[in-house]
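Data file: input-v8.tsv. Format and content: TSV, C-alpha atoms.
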chain	number	residue	atom	x	y	z
U	573	MET	CA	102.69	-123.74	7.43
U	574	ALA	CA	105.80	-125.72	6.63
U	575	LYS	CA	107.86	-124.76	3.62
U	576	LYS	CA	107.12	-126.42	0.32
U	577	SER	CA	109.40	-129.02	-1.19
U	578	ASN	CA	112.93	-127.65	-1.54
U	579	ALA	CA	114.25	-127.89	-5.09
U	580	ILE	CA	117.69	-128.95	-3.83
U	581	THR	CA	117.01	-131.09	-0.76
U	582	ASN	CA	113.56	-132.21	-1.92
U	583	GLU	CA	112.24	-132.02	1.63
U	584	PRO	CA	108.55	-132.94	1.99
U	585	VAL	CA	105.93	-130.69	3.56
U	586	LYS	CA	105.83	-131.71	7.22
U	587	THR	CA	102.70	-129.94	8.43
U	588	PHE	CA	99.79	-127.87	7.15
U	589	PRO	CA	97.66	-124.88	8.15
U	590	GLU	CA	95.01	-125.46	10.81
U	591	LYS	CA	92.47	-124.07	8.34
U	592	ILE	CA	92.83	-127.21	6.19
U	593	SER	CA	91.53	-129.43	9.00
U	594	GLN	CA	88.61	-127.03	9.50
U	595	ARG	CA	87.76	-127.16	5.80
U	596	LEU	CA	87.81	-130.95	5.74
U	597	THR	CA	85.61	-131.13	8.84
U	598	GLN	CA	83.06	-128.77	7.28
U	599	ILE	CA	83.11	-130.68	3.99
U	600	ARG	CA	82.54	-133.94	5.87
U	601	PHE	CA	79.45	-132.44	7.50
U	602	ARG	CA	78.17	-131.67	3.99
U	603	ILE	CA	78.92	-135.24	2.88
U	604	GLU	CA	76.82	-136.48	5.81
U	605	GLU	CA	73.98	-134.12	4.89
U	606	LEU	CA	74.04	-135.46	1.33
U	607	LYS	CA	73.74	-139.00	2.71
U	608	THR	CA	76.78	-140.22	0.80
U	609	ASP	CA	79.95	-142.04	1.80
U	610	GLY	CA	82.31	-139.53	0.26
U	611	LEU	CA	82.82	-136.57	-2.08
U	612	PHE	CA	84.59	-136.74	-5.44
U	613	VAL	CA	86.55	-133.52	-6.09
U	614	ASN	CA	87.99	-132.85	-9.54
U	615	TYR	CA	88.37	-129.03	-9.62
U	616	LEU	CA	92.09	-128.34	-9.38
U	617	PRO	CA	91.89	-125.08	-7.36
U	618	ASN	CA	89.78	-126.84	-4.72
U	619	ILE	CA	92.26	-129.72	-4.68
U	620	ARG	CA	95.11	-127.27	-4.10
U	621	TYR	CA	93.20	-125.57	-1.29
U	622	LEU	CA	92.87	-128.93	0.44
U	623	THR	CA	96.11	-130.75	-0.41
U	624	ASN	CA	98.68	-128.19	-1.66
U	625	PHE	CA	99.02	-130.07	-4.97
U	626	SER	CA	100.02	-127.69	-7.78
U	627	GLY	CA	100.04	-130.06	-10.78
U	628	SER	CA	97.70	-130.12	-13.75
U	629	SER	CA	96.10	-133.54	-13.23
U	630	ALA	CA	94.45	-134.71	-10.02
U	631	SER	CA	91.23	-135.71	-8.32
U	632	MET	CA	90.35	-136.90	-4.85
U	633	ILE	CA	87.65	-138.62	-2.85
U	634	ILE	CA	87.08	-137.33	0.67
U	635	PHE	CA	85.65	-139.90	3.10
U	636	GLN	CA	84.79	-139.47	6.75
U	637	ASP	CA	87.98	-141.18	7.91
U	638	SER	CA	90.33	-141.04	4.92
U	639	ILE	CA	91.22	-139.31	1.66
U	640	TRP	CA	92.05	-140.98	-1.66
U	641	PHE	CA	94.23	-138.78	-3.87
U	642	PHE	CA	94.65	-139.57	-7.58
U	643	THR	CA	97.18	-138.26	-10.06
U	644	ASP	CA	99.07	-139.67	-13.04
U	645	ASP	CA	102.64	-140.89	-13.34
U	646	ARG	CA	103.98	-137.47	-14.37
U	647	TYR	CA	103.49	-136.35	-10.77
U	648	GLU	CA	104.45	-139.55	-8.95
U	649	GLU	CA	107.59	-137.94	-7.51
U	650	GLN	CA	106.08	-134.50	-6.95
U	651	VAL	CA	103.23	-135.72	-4.72
U	652	GLN	CA	105.69	-137.38	-2.35
U	653	THR	CA	107.04	-133.99	-1.31
U	654	GLU	CA	104.26	-131.51	-2.13
U	655	LEU	CA	101.11	-132.95	-0.56
U	656	TYR	CA	100.11	-131.95	2.95
U	657	PRO	CA	100.53	-134.90	5.37
U	658	LEU	CA	96.78	-135.23	5.86
U	659	PRO	CA	95.54	-137.99	8.17
U	660	ASN	CA	94.87	-141.26	6.33
U	661	LEU	CA	95.87	-139.84	2.97
U	662	GLN	CA	96.25	-142.56	0.34
U	663	ILE	CA	97.99	-141.73	-2.95
U	664	HIS	CA	96.95	-143.60	-6.11
U	665	ILE	CA	98.85	-143.21	-9.39
U	666	THR	CA	96.60	-143.77	-12.39
U	667	ARG	CA	95.46	-142.14	-15.61
U	668	ASP	CA	91.98	-143.66	-15.43
U	669	VAL	CA	90.53	-143.14	-11.94
U	670	TRP	CA	87.21	-144.94	-12.28
U	671	ASN	CA	88.43	-148.05	-14.08
U	672	TYR	CA	91.32	-148.18	-11.62
U	673	LEU	CA	88.86	-148.16	-8.70
U	674	ILE	CA	86.78	-150.87	-10.36
U	675	ASP	CA	89.80	-153.05	-11.17
U	676	LYS	CA	91.12	-152.75	-7.61
U	677	LYS	CA	87.61	-153.44	-6.22
U	678	LEU	CA	87.91	-150.31	-4.06
U	679	LEU	CA	84.25	-149.36	-4.50
U	680	LYS	CA	82.78	-152.62	-3.16
U	681	ASP	CA	81.86	-151.17	0.27
U	682	ILE	CA	80.66	-147.80	-1.04
U	683	ASN	CA	76.97	-147.08	-1.55
U	684	ALA	CA	77.03	-143.47	-2.76
U	685	LEU	CA	79.44	-140.71	-3.71
U	686	ALA	CA	78.69	-137.01	-4.07
U	687	PHE	CA	80.31	-134.79	-6.71
U	688	GLU	CA	80.64	-131.05	-7.35
U	689	ALA	CA	77.67	-130.53	-9.65
U	690	GLU	CA	79.05	-127.38	-11.27
U	691	LYS	CA	82.45	-128.95	-12.01
U	692	LEU	CA	81.45	-131.99	-14.10
U	693	SER	CA	79.68	-131.98	-17.44
U	694	TYR	CA	76.43	-133.88	-17.93
U	695	GLN	CA	78.19	-136.38	-20.20
U	696	GLU	CA	80.95	-136.97	-17.65
U	697	VAL	CA	78.36	-137.67	-14.96
U	698	ILE	CA	76.49	-140.13	-17.18
U	699	ASN	CA	79.72	-141.95	-18.08
U	700	ILE	CA	80.81	-142.24	-14.44
U	701	ARG	CA	77.38	-143.42	-13.30
U	702	ASN	CA	77.39	-146.13	-15.95
U	703	LEU	CA	80.84	-147.28	-14.88
U	704	ILE	CA	80.38	-147.44	-11.11
U	705	ARG	CA	76.86	-148.88	-10.77
U	706	PRO	CA	75.43	-149.88	-8.33
U	707	VAL	CA	77.30	-147.06	-6.52
U	708	LYS	CA	75.13	-143.93	-6.62
U	709	PHE	CA	76.69	-140.72	-7.94
U	710	LYS	CA	74.84	-137.73	-6.46
U	711	PRO	CA	75.24	-134.02	-7.28
U	712	GLY	CA	75.96	-131.44	-4.62
U	713	GLU	CA	76.22	-127.70	-5.27
U	714	THR	CA	79.13	-125.54	-4.07
U	715	ILE	CA	80.28	-128.09	-1.52
U	716	VAL	CA	83.89	-126.93	-1.19
U	717	GLU	CA	83.96	-123.20	-2.06
U	718	PRO	CA	82.13	-121.88	1.04
U	719	TYR	CA	85.00	-123.24	3.14
U	720	THR	CA	87.83	-121.99	0.93
U	721	MET	CA	86.60	-118.38	1.00
U	722	PRO	CA	88.13	-117.71	4.45
U	723	LYS	CA	91.89	-117.85	4.03
U	724	SER	CA	94.43	-119.23	6.48
U	725	PRO	CA	97.08	-116.81	7.79
U	726	GLU	CA	99.61	-118.58	5.57
U	727	GLU	CA	97.41	-118.17	2.48
U	728	LEU	CA	96.74	-114.53	3.30
U	729	GLU	CA	100.48	-113.92	3.56
U	730	ASN	CA	100.90	-115.21	0.00
U	731	ILE	CA	98.12	-112.88	-1.22
U	732	LYS	CA	99.76	-109.94	0.58
U	733	LYS	CA	103.05	-110.69	-1.16
U	734	ALA	CA	101.30	-110.92	-4.53
U	735	CYS	CA	99.62	-107.57	-3.86
U	736	ALA	CA	102.89	-105.87	-2.88
U	737	MET	CA	104.52	-107.32	-5.98
U	738	SER	CA	101.76	-105.94	-8.23
U	739	GLU	CA	102.13	-102.45	-6.83
U	740	GLU	CA	105.90	-102.60	-7.34
U	741	VAL	CA	105.40	-103.76	-10.93
U	742	PHE	CA	103.08	-100.82	-11.61
U	743	ASN	CA	105.60	-98.32	-10.23
U	744	ILE	CA	108.36	-99.79	-12.41
U	745	VAL	CA	106.35	-99.73	-15.63
U	746	LEU	CA	105.30	-96.14	-14.97
U	747	LYS	CA	108.96	-95.11	-14.74
U	748	ASN	CA	109.76	-96.96	-17.97
U	749	PHE	CA	106.70	-95.81	-19.91
U	750	LYS	CA	107.26	-93.82	-23.09
U	751	THR	CA	104.60	-92.16	-25.21
U	752	GLY	CA	104.17	-94.12	-28.41
U	753	MET	CA	104.47	-97.57	-26.78
U	754	THR	CA	101.80	-99.93	-27.97
U	755	GLU	CA	99.27	-101.52	-25.63
U	756	LYS	CA	100.90	-104.89	-26.33
U	757	GLU	CA	104.32	-103.52	-25.43
U	758	LEU	CA	103.06	-102.11	-22.14
U	759	ALA	CA	101.34	-105.42	-21.34
U	760	ALA	CA	104.59	-107.25	-22.10
U	761	GLU	CA	106.47	-104.90	-19.75
U	762	ILE	CA	103.99	-105.67	-16.97
U	763	VAL	CA	104.32	-109.43	-17.48
U	764	TYR	CA	108.13	-109.22	-17.72
U	765	TYR	CA	108.64	-107.24	-14.51
U	766	ALA	CA	106.10	-109.35	-12.64
U	767	ARG	CA	108.09	-112.44	-13.56
U	768	LYS	CA	111.38	-110.73	-12.77
U	769	LEU	CA	110.12	-109.85	-9.29
U	770	GLY	CA	109.11	-113.47	-8.69
U	771	SER	CA	105.53	-113.91	-9.90
U	772	GLU	CA	104.78	-117.50	-10.92
U	773	GLY	CA	102.71	-116.30	-13.86
U	774	GLU	CA	99.68	-114.29	-14.86
U	775	PRO	CA	96.49	-115.05	-12.91
U	776	PHE	CA	94.60	-113.81	-16.00
U	777	PRO	CA	95.57	-112.20	-19.33
U	778	THR	CA	96.87	-108.68	-18.66
U	779	ILE	CA	94.52	-105.92	-19.79
U	780	VAL	CA	95.91	-102.70	-21.29
U	781	VAL	CA	93.48	-100.33	-23.01
U	782	SER	CA	94.06	-96.69	-23.97
U	783	GLY	CA	92.20	-93.72	-25.44
U	784	LYS	CA	88.79	-94.65	-26.81
U	785	ARG	CA	89.59	-98.34	-26.28
U	786	SER	CA	89.64	-97.77	-22.50
U	787	SER	CA	85.83	-97.78	-22.62
U	788	MET	CA	86.06	-101.58	-23.04
U	789	PRO	CA	86.19	-103.04	-19.50
U	790	HIS	CA	88.03	-106.21	-20.57
U	791	GLY	CA	89.65	-105.16	-23.82
U	792	SER	CA	92.71	-107.09	-24.92
U	793	PRO	CA	95.91	-105.13	-25.65
U	794	THR	CA	96.49	-104.36	-29.34
U	795	ASP	CA	99.13	-102.76	-31.56
U	796	LYS	CA	97.51	-99.37	-30.96
U	797	GLN	CA	100.08	-96.79	-29.89
U	798	ILE	CA	99.43	-94.97	-26.63
U	799	LYS	CA	99.37	-91.27	-27.48
U	800	ALA	CA	99.54	-87.99	-25.60
U	801	ASN	CA	96.37	-86.80	-23.86
U	802	GLU	CA	94.94	-90.31	-23.49
U	803	VAL	CA	93.96	-92.22	-20.39
U	804	VAL	CA	95.30	-95.74	-19.95
U	805	THR	CA	93.78	-98.53	-17.87
U	806	VAL	CA	95.83	-101.57	-16.86
U	807	ASP	CA	94.39	-104.59	-15.06
U	808	PHE	CA	96.80	-107.32	-13.97
U	809	GLY	CA	97.95	-109.47	-11.09
U	810	CYS	CA	100.81	-111.53	-9.69
U	811	VAL	CA	100.98	-115.06	-8.27
U	812	VAL	CA	102.91	-116.10	-5.14
U	813	ASN	CA	102.85	-119.75	-4.02
U	814	GLY	CA	99.72	-120.23	-6.09
U	815	PHE	CA	97.83	-117.21	-4.68
U	816	CYS	CA	96.78	-114.19	-6.75
U	817	SER	CA	96.45	-110.46	-6.62
U	818	ASP	CA	94.19	-108.50	-8.97
U	819	ILE	CA	94.54	-104.73	-9.30
U	820	THR	CA	93.51	-102.10	-11.84
U	821	ARG	CA	95.29	-98.77	-12.25
U	822	VAL	CA	94.71	-95.73	-14.43
U	823	PHE	CA	97.08	-93.04	-15.64
U	824	ALA	CA	96.94	-90.15	-18.09
U	825	VAL	CA	99.55	-89.36	-20.71
U	826	GLY	CA	100.50	-85.67	-20.92
U	827	LYS	CA	97.40	-84.22	-19.32
U	828	TYR	CA	93.82	-85.03	-18.35
U	829	THR	CA	90.53	-83.20	-18.69
U	830	LYS	CA	88.42	-81.88	-15.83
U	831	GLU	CA	85.87	-84.62	-16.52
U	832	GLN	CA	88.54	-87.33	-16.40
U	833	LYS	CA	89.87	-85.99	-13.11
U	834	SER	CA	86.31	-85.81	-11.74
U	835	ILE	CA	85.48	-89.37	-12.80
U	836	TYR	CA	88.70	-90.76	-11.33
U	837	GLU	CA	88.08	-89.03	-8.00
U	838	LEU	CA	84.49	-90.32	-8.02
U	839	LEU	CA	85.71	-93.89	-8.54
U	840	ILE	CA	88.18	-93.58	-5.68
U	841	LYS	CA	85.45	-92.28	-3.35
U	842	ALA	CA	82.97	-94.94	-4.47
U	843	LYS	CA	85.56	-97.68	-3.92
U	844	GLU	CA	86.46	-96.44	-0.47
U	845	ASN	CA	82.80	-96.00	0.49
U	846	ALA	CA	82.15	-99.62	-0.47
U	847	ILE	CA	85.22	-100.86	1.42
U	848	ALA	CA	84.04	-98.95	4.51
U	849	GLN	CA	80.85	-101.06	4.49
U	850	ILE	CA	82.70	-104.39	4.47
U	851	ARG	CA	82.70	-106.47	7.64
U	852	PRO	CA	82.09	-110.14	8.35
U	853	PHE	CA	78.66	-111.46	7.27
U	854	VAL	CA	77.56	-108.31	5.45
U	855	ASN	CA	75.49	-108.86	2.30
U	856	GLY	CA	77.57	-108.29	-0.84
U	857	LYS	CA	74.66	-106.51	-2.53
U	858	LEU	CA	74.79	-103.78	0.14
U	859	VAL	CA	78.50	-103.29	-0.48
U	860	ASP	CA	77.89	-103.07	-4.22
U	861	GLN	CA	75.14	-100.53	-3.62
U	862	ALA	CA	77.45	-98.33	-1.52
U	863	ALA	CA	79.59	-97.70	-4.62
U	864	ARG	CA	76.88	-97.94	-7.29
U	865	SER	CA	74.62	-95.35	-5.65
U	866	MET	CA	77.42	-92.77	-5.60
U	867	ILE	CA	78.19	-93.36	-9.27
U	868	ALA	CA	74.50	-93.20	-10.21
U	869	LYS	CA	73.98	-89.99	-8.20
U	870	ALA	CA	76.84	-88.38	-10.15
U	871	GLY	CA	75.04	-89.23	-13.41
U	872	TYR	CA	77.16	-92.18	-14.53
U	873	GLY	CA	74.97	-95.07	-13.41
U	874	ASP	CA	74.37	-96.28	-16.97
U	875	PHE	CA	78.12	-96.54	-17.51
U	876	PHE	CA	78.82	-98.95	-14.63
U	877	GLN	CA	77.30	-102.28	-15.63
U	878	HIS	CA	79.56	-104.95	-14.12
U	879	SER	CA	79.65	-106.21	-10.53
U	880	LEU	CA	81.62	-104.33	-7.90
U	881	GLY	CA	83.95	-107.14	-6.93
U	882	HIS	CA	84.80	-110.74	-6.10
U	883	GLY	CA	86.94	-112.97	-3.96
U	884	ILE	CA	90.59	-113.66	-4.76
U	885	GLY	CA	92.82	-116.55	-3.78
U	886	ILE	CA	94.17	-119.45	-5.81
U	887	MET	CA	91.88	-118.18	-8.56
U	888	PRO	CA	91.70	-114.46	-9.43
U	889	HIS	CA	87.90	-114.65	-9.41
U	890	GLU	CA	86.34	-116.63	-6.56
U	891	MET	CA	83.37	-116.54	-4.25
U	892	PRO	CA	81.98	-114.36	-2.80
U	893	LEU	CA	80.64	-112.22	-5.63
U	894	ILE	CA	80.06	-108.58	-4.67
U	895	THR	CA	77.18	-107.75	-6.97
U	896	PHE	CA	73.75	-106.21	-7.27
U	897	ARG	CA	72.70	-109.33	-9.18
U	898	LYS	CA	72.71	-111.65	-6.13
U	899	GLU	CA	70.39	-111.15	-3.17
U	900	ASN	CA	72.07	-113.26	-0.49
U	901	GLU	CA	75.81	-113.40	-1.08
U	902	ILE	CA	77.28	-113.13	2.42
U	903	ILE	CA	80.90	-112.05	2.87
U	904	PRO	CA	82.63	-114.24	5.48
U	905	GLU	CA	85.38	-113.20	7.82
U	906	GLY	CA	88.84	-114.02	6.55
U	907	CYS	CA	88.30	-113.77	2.81
U	908	ALA	CA	90.31	-111.59	0.42
U	909	LEU	CA	88.41	-109.41	-2.05
U	910	ALA	CA	88.95	-107.31	-5.15
U	911	ILE	CA	86.78	-104.16	-5.23
U	912	GLU	CA	86.63	-102.57	-8.70
U	913	PRO	CA	84.13	-99.82	-9.60
U	914	GLY	CA	84.38	-98.52	-13.15
U	915	ILE	CA	82.86	-95.99	-15.52
U	916	TYR	CA	83.00	-96.66	-19.28
U	917	ILE	CA	81.72	-94.07	-21.77
U	918	PRO	CA	81.48	-95.67	-25.24
U	919	ASN	CA	83.71	-94.18	-27.97
U	920	LYS	CA	85.18	-91.76	-25.45
U	921	TYR	CA	87.14	-93.43	-22.63
U	922	GLY	CA	86.74	-95.48	-19.50
U	923	MET	CA	88.36	-95.92	-16.10
U	924	ARG	CA	88.38	-98.55	-13.37
U	925	VAL	CA	90.14	-98.59	-10.02
U	926	GLU	CA	90.61	-101.90	-8.23
U	927	ASP	CA	92.08	-102.63	-4.83
U	928	ASN	CA	92.44	-105.82	-2.84
U	929	VAL	CA	91.28	-106.00	0.79
U	930	TYR	CA	91.12	-108.54	3.58
U	931	VAL	CA	87.97	-109.01	5.70
U	932	ALA	CA	89.11	-108.77	9.32
U	933	LYS	CA	86.95	-109.18	12.43
U	934	ASP	CA	85.50	-105.68	12.37
U	935	SER	CA	86.32	-104.16	8.98
U	936	ALA	CA	88.16	-104.55	5.69
U	937	LYS	CA	91.91	-103.94	5.67
U	938	HIS	CA	93.63	-102.64	2.55
U	939	LEU	CA	96.13	-104.94	0.88
U	940	THR	CA	96.62	-102.42	-1.96
U	941	LYS	CA	95.82	-98.72	-2.26
U	942	ALA	CA	95.24	-96.97	-5.58
U	943	PRO	CA	96.58	-93.39	-5.79
U	944	GLU	CA	93.97	-90.86	-4.73
U	945	GLU	CA	95.00	-88.50	-7.55
U	946	LEU	CA	95.02	-89.41	-11.22
U	947	ILE	CA	98.64	-90.07	-12.22
U	948	VAL	CA	100.01	-88.06	-15.16
U	949	ILE	CA	103.03	-89.12	-17.18
Kindly return the structure encoded in the file as structure tokens.
Amino acid sequence: MAKKSNAITNEPVKTFPEKISQRLTQIRFRIEELKTDGLFVNYLPNIRYLTNFSGSSASMIIFQDSIWFFTDDRYEEQVQTELYPLPNLQIHITRDVWNYLIDKKLLKDINALAFEAEKLSYQEVINIRNLIRPVKFKPGETIVEPYTMPKSPEELENIKKACAMSEEVFNIVLKNFKTGMTEKELAAEIVYYARKLGSEGEPFPTIVVSGKRSSMPHGSPTDKQIKANEVVTVDFGCVVNGFCSDITRVFAVGKYTKEQKSIYELLIKAKENAIAQIRPFVNGKLVDQAARSMIAKAGYGDFFQHSLGHGIGIMPHEMPLITFRKENEIIPEGCALAIEPGIYIPNKYGMRVEDNVYVAKDSAKHLTKAPEELIVI
């Protein structure tokens, strides 16, 4: 993939990954199946997957032989250098897409458009239908996401860099940790060093929970001081060229109990057992079961309630979902995943270990690797 726009020379992107053409071809097959002329896309992560646009306002209509891209005047200069040079890409600058299309009479030869049913509210759909009649506006479910799950080599390289950055951040904050720091202070350290190493931001709010609070899987950091003989769970990620990592690490302050050591080792084994089951086109429920059955057999089944994992990419949580709750979630070749078994004992403590992997042709390859032994500071 060509380099993005240079901040000094302002060079435009001159080419794009082969995977983008494949995605557009697959989406156009879906458009044909839906018996529509085109697909309206308004979900910004999907737009970035298809066009490279990183701004906060955009939509697009994908036709069989062209693409209409819409953004407002704040990004008029940015799109000239950032967008992939897709065939027959037409850029429209407007703050009111549908009235713009009506005023320009651009819908006169269009009979029907599809839209991402899960990305528009009911009221938005009604308003658009009323505006563009007699053009039909038809819902389609998960039209884009199945084709953004497999990552291009260029996208995977960004995820790898984000993963390496996260592991480096964790090592730095461990060296700087001092007993008595608050959860908020530790979270701030993580965010600071991630930014210092080059992360574009937080893919999600950083989680730091300690002591009894570590039994909350998604607890927000507080002013609670981290004391001796407590376990600490941190869940965070980094962002490189728009692509995320998502890891969870655990450490003990001063010392750990035999039970804590046993639970941590169980989570590591359960995670690795699940990863060993991953290969292209395996059912996510089977992967989830590979970890869940080990945790249940050890007597902690009631304390692992969330899904085992999910896809990562431009968003920290994407398809596929690796869960016991879905019967037919198939893991495609080429996707990046976060695998995160956890055990949370209320009013006592909790732990979660989370690694990122890539689904290669015959197995899953580690992008991160949690320590096999519980770290003590």
Just to confirm, what's the straight-line distance from atom CA of Lys710 of chain U to atom CA of Thr643 of chain U in Å (one decimal)? 22.6 Å
Per residue of segment 667-691 of chain U within 12 Å of segment 717-727 of chain U, note the shortest atom pair and the distance in Å to one decimal, counting all atoms listed in the file, and order the rows by chain and increasing residue number, as a Markdown table.
| residue | atom | partner | partner_atom | distance |
| --- | --- | --- | --- | --- |
| U:Glu688 | CA | U:Glu717 | CA | 10.0 |
| U:Glu690 | CA | U:Glu717 | CA | 11.2 |
| U:Lys691 | CA | U:Glu717 | CA | 11.6 |
Need the shell around segment 768-783 of chain U: protein/DNA/RNA residues with any atom at most 7 Å away, counting all atoms listed in the file. Skip same-chain ones fewer than 5 positions apart. Format as a PyMOL selection string? chain U and resi 737+755+759+790-793+798+802-812+816+888+921
Go ahead and write the residues just picked, C-alpha atoms, as a PDB file, in the frame of the given file.
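Saved the output as out_7.pdb:
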ATOM      1  CA  MET U 737     104.520-107.320  -5.980  1.00  0.00           C
ATOM      2  CA  GLU U 755      99.270-101.520 -25.630  1.00  0.00           C
ATOM      3  CA  ALA U 759     101.340-105.420 -21.340  1.00  0.00           C
ATOM      4  CA  HIS U 790      88.030-106.210 -20.570  1.00  0.00           C
ATOM      5  CA  GLY U 791      89.650-105.160 -23.820  1.00  0.00           C
ATOM      6  CA  SER U 792      92.710-107.090 -24.920  1.00  0.00           C
ATOM      7  CA  PRO U 793      95.910-105.130 -25.650  1.00  0.00           C
ATOM      8  CA  ILE U 798      99.430 -94.970 -26.630  1.00  0.00           C
ATOM      9  CA  GLU U 802      94.940 -90.310 -23.490  1.00  0.00           C
ATOM     10  CA  VAL U 803      93.960 -92.220 -20.390  1.00  0.00           C
ATOM     11  CA  VAL U 804      95.300 -95.740 -19.950  1.00  0.00           C
ATOM     12  CA  THR U 805      93.780 -98.530 -17.870  1.00  0.00           C
ATOM     13  CA  VAL U 806      95.830-101.570 -16.860  1.00  0.00           C
ATOM     14  CA  ASP U 807      94.390-104.590 -15.060  1.00  0.00           C
ATOM     15  CA  PHE U 808      96.800-107.320 -13.970  1.00  0.00           C
ATOM     16  CA  GLY U 809      97.950-109.470 -11.090  1.00  0.00           C
ATOM     17  CA  CYS U 810     100.810-111.530  -9.690  1.00  0.00           C
ATOM     18  CA  VAL U 811     100.980-115.060  -8.270  1.00  0.00           C
ATOM     19  CA  VAL U 812     102.910-116.100  -5.140  1.00  0.00           C
ATOM     20  CA  CYS U 816      96.780-114.190  -6.750  1.00  0.00           C
ATOM     21  CA  PRO U 888      91.700-114.460  -9.430  1.00  0.00           C
ATOM     22  CA  TYR U 921      87.140 -93.430 -22.630  1.00  0.00           C
TER      23      TYR U 921
END
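Computed from the coordinates, the atom CA of Tyr828 of chain U to atom CA of Gln861 of chain U distance equals 28.4 Å.
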Pull the neighbourhood of (90.0, -89.8, -2.4) for me: all residues within 12 Å in file coordinates, counting all atoms listed in the file, as a ChimeraX atom specification. /U:833-845,925,941-946
From the set U:Gly752, U:Pro584, U:Pro617, U:Pro706, which residue has the shortest atom-to-atom contact distance to Glu654 of chain U, counting only C-alpha atoms? U:Pro584
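Considering all atoms listed in the file, the residue among U:Glu604, U:Phe853, U:Asn743, U:Asn671 positioned nearest to Lys933 of chain U is U:Phe853.
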With a distance cut-off of 7 Å and only C-alpha atoms, select the neighbouring residues of Val931 of chain U, excluding the residue or stretch itself and same-chain residues fewer than 3 positions from it, and output the selection as a ChimeraX atom specification. /U:851-852,905-908,935-937
Write out as a PDB file with C-alpha atoms, in the coordinates of the input the residues lying within 10 Å of Leu658 of chain U, counting all atoms listed in the file and excluding same-chain residues fewer than 5 positions away.
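File selection27.pdb, as written:
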ATOM      1  CA  LYS U 586     105.830-131.710   7.220  1.00  0.00           C
ATOM      2  CA  THR U 587     102.700-129.940   8.430  1.00  0.00           C
ATOM      3  CA  PHE U 588      99.790-127.870   7.150  1.00  0.00           C
ATOM      4  CA  ILE U 592      92.830-127.210   6.190  1.00  0.00           C
ATOM      5  CA  SER U 593      91.530-129.430   9.000  1.00  0.00           C
ATOM      6  CA  LEU U 596      87.810-130.950   5.740  1.00  0.00           C
ATOM      7  CA  LEU U 622      92.870-128.930   0.440  1.00  0.00           C
ATOM      8  CA  THR U 623      96.110-130.750  -0.410  1.00  0.00           C
ATOM      9  CA  SER U 638      90.330-141.040   4.920  1.00  0.00           C
ATOM     10  CA  ILE U 639      91.220-139.310   1.660  1.00  0.00           C
TER      11      ILE U 639
END
Of the candidates U:Gln849, U:Thr666, U:Gln797, U:Asn900, which shows the shortest atom-to-atom distance to Ser629 of chain U, using all atoms listed in the file? U:Thr666
